[in-house]
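A.B. asks: Supplied in structure tokens, the structure appears directly below.
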Amino acid sequence: MRHIHAGPDHVRHLHTLGPQGTNLEAASHEWLRRRGVEGTVHLHSSIEAALEAVPADGQHALTACAVYPALHTLVFGNLHRLRMVDSFVMPTHNMVLASAGTPAPATVASHPAPRGLVPGTAEVHEVLSNSQAAIDCAAGKVEGCITTLVAAERHGLRVLRDFGPVPMVFTVHQVLTVDAGAGEPLTAGAVAL
């Protein structure tokens, strides 16, 4: 029987939404920095894909965001292996409406969370992350995007409107394989496997 320790003090590796330039990537690095941990951040195409890739060894965790549209489904659908161990407030990167040159984009790529920033006259093309929105815009798949200032600059986009940083709650979820009996609560400390 091996013991896996639950709780944020044991986490060394975070898995979250990519590609580079997402607010979740920045939040993951900030969480490690605040805790004085020299850990790693692994980027995935979606939070759901990140969850599937996280080893259930207590040293790996998932970083999510309180406004992630399906966070409730992710948490309650995975109570048997996912446990929220921390949350913190941090401002996002500046959120922007950007384009490759079009001053009034008719089509705008956006993750579902900041979709409310899309101009009312534009057609929305949903993508899996703010960074993916910038990539699609730079590739000409859409005329504009809601993205981070970091991603807009990385992909050579023109900022049409800067909404500024948004104070945001980020959450850290440890992934553990726990074989608890029916009705038996998960407890902090050592979890026997």
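Residue numbers start at 1 in each chain; chains themselves are named A, B, ... in the order of the structure tokens; ligands are numbered from 1 in the order shown.
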List every residue of range 89-169 of chain A that has an atom at most 9 Å from any atom of range 20-37 of chain A, and for each one report the closest atom pair and its distance in Å to one decimal, counting only C-alpha atoms, with rows sorted by chain and then by increasing residue number, as CSV.
C.D. replies:
residue,atom,partner,partner_atom,distance
A:Met90,CA,A:Ala27,CA,7.2
A:Pro91,CA,A:Asn23,CA,8.7
A:Thr92,CA,A:Asn23,CA,5.6
A:His93,CA,A:Asn23,CA,6.2
A:Ser129,CA,A:Thr22,CA,7.0
A:Asn130,CA,A:Thr22,CA,6.1
A:Ser131,CA,A:Thr22,CA,5.7
A:Gln132,CA,A:Thr22,CA,8.9
A:Thr147,CA,A:Thr22,CA,8.4
A:Thr148,CA,A:Thr22,CA,7.0
A:Leu149,CA,A:Gly21,CA,8.6
A:Val150,CA,A:Gly21,CA,5.8
A:Ala151,CA,A:Gly21,CA,5.1
A:Ala152,CA,A:Gly21,CA,8.9
A:Arg154,CA,A:Gly21,CA,8.2
A.B. asks: Fewer than 2 positions away in the same chain doesn't count, so skip those; otherwise give me all residues within 7 Å of range 48-62 of chain A, counting only C-alpha atoms, as a PyMOL selection string.
C.D. replies: chain A and resi 4-6+10-16+44-46+64+172-177
A.B. asks: Counting only C-alpha atoms, figure out which residue out of A:Pro112, A:Pro19, A:Gly144, A:Gly120 gets nearest to Leu160 in chain A.
C.D. replies: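 Under the stated criterion, the closest residue is A:Gly144.
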A.B. asks: Report, in Å with one decimal, the straight-line distance from CA of Thr171 in chain A to CA of Val127 in chain A.
C.D. replies: 21.4 Å
A.B. asks: Looking at A:Gly164, A:Gly18, A:Cys65, A:His72, which one is nearest to Ile135 in chain A, with distances taken over only C-alpha atoms?
C.D. replies: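 Smallest distance to Ile135 in chain A is found for A:Gly18.
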A.B. asks: Taking only C-alpha atoms into account, which of A:Ala109, A:Gly156, A:Leu117, A:Asp86 comes nearest Asp136 in chain A?
C.D. replies: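 Of A:Ala109, A:Gly156, A:Leu117, A:Asp86, the one nearest Asp136 in chain A is A:Ala109, counting only C-alpha atoms.
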A.B. asks: Could you pull out the strand (DSSP E) residues of range 61-159 of chain A, going by DSSP on the backbone, and write them as a ChimeraX atom specification?
C.D. replies: /A:61-65,82-91,95-99,107-110,123-126,144-148,158-159
A.B. asks: Using Å and a single decimal, report how far CA of Pro165 in chain A sits from CA of Glu143 in chain A.
C.D. replies: 23.0 Å
A.B. asks: Enumerate as a list in words all residues of range 57-113 of chain A assigned to helix (DSSP H, G or I) by DSSP on the backbone, naming them with the chain letters and numbers the document uses.
C.D. replies: Leu71, His72, Thr73, Leu74, Val75 and Phe76 of chain A
A.B. asks: If you keep C-alpha atoms, can you produce a file of those selected residues as a PDB file, in the first residue's frame?
C.D. replies:
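Now in again36.pdb:
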ATOM      1  CA  LEU A  71     -16.012  24.189 -14.012  1.00  0.00           C
ATOM      2  CA  HIS A  72     -19.033  22.943 -12.051  1.00  0.00           C
ATOM      3  CA  THR A  73     -19.380  19.944 -14.367  1.00  0.00           C
ATOM      4  CA  LEU A  74     -15.669  19.222 -14.147  1.00  0.00           C
ATOM      5  CA  VAL A  75     -15.662  19.361 -10.331  1.00  0.00           C
ATOM      6  CA  PHE A  76     -18.874  17.463  -9.600  1.00  0.00           C
TER       7      PHE A  76
END
A.B. asks: What's the separation between CA of His155 in chain A and CA of Met95 in chain A, in Å to one decimal place?
C.D. replies: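 The value is 14.7 Å.
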A.B. asks: With distances taken over only C-alpha atoms, which of A:Gly7, A:Pro69, A:Gly77, A:Pro105 is nearest to Val118 in chain A?
C.D. replies: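 Answer, going by the shortest atom-to-atom distance: A:Pro105.
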A.B. asks: Name the closest residue to Pro114 in chain A among the candidates A:Val169, A:Gly39, A:Tyr68, A:His80; distances are taken between atoms, counting only C-alpha atoms.
C.D. replies: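 Ranking A:Val169, A:Gly39, A:Tyr68, A:His80 by distance to Pro114 in chain A, first place goes to A:Tyr68.
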A.B. asks: Contacts of Cys137 in chain A at 8 Å or less, counting only C-alpha atoms, minus same-chain residues fewer than 3 places along, as a ChimeraX atom specification?
C.D. replies: /A:99-100,108-109,133-134,140-145
A.B. asks: Can you tell me, as a PyMOL selection string, what residues are no more than 8 Å from Phe163 in chain A when counting only C-alpha atoms, ignoring any on the same chain fewer than 6 positions away?
C.D. replies: chain A and resi 94-97
A.B. asks: Residues of the last selection are to be written out with N, CA, C and O atoms, as a CSV table (one decimal), in the first residue's frame.
C.D. replies:
chain,number,residue,atom,x,y,z
A,94,ASN,N,-4.2,41.9,-19.6
A,94,ASN,CA,-5.2,42.8,-20.2
A,94,ASN,C,-6.0,42.0,-21.3
A,94,ASN,O,-5.3,41.3,-22.1
A,95,MET,N,-7.3,42.1,-21.2
A,95,MET,CA,-8.1,41.5,-22.2
A,95,MET,C,-8.4,42.5,-23.3
A,95,MET,O,-8.6,43.6,-23.0
A,96,VAL,N,-8.2,42.0,-24.6
A,96,VAL,CA,-8.3,42.9,-25.7
A,96,VAL,C,-9.2,42.4,-26.8
A,96,VAL,O,-9.3,41.2,-27.0
A,97,LEU,N,-9.7,43.3,-27.6
A,97,LEU,CA,-10.3,43.0,-28.9
A,97,LEU,C,-9.2,43.3,-29.9
A,97,LEU,O,-8.7,44.5,-29.9
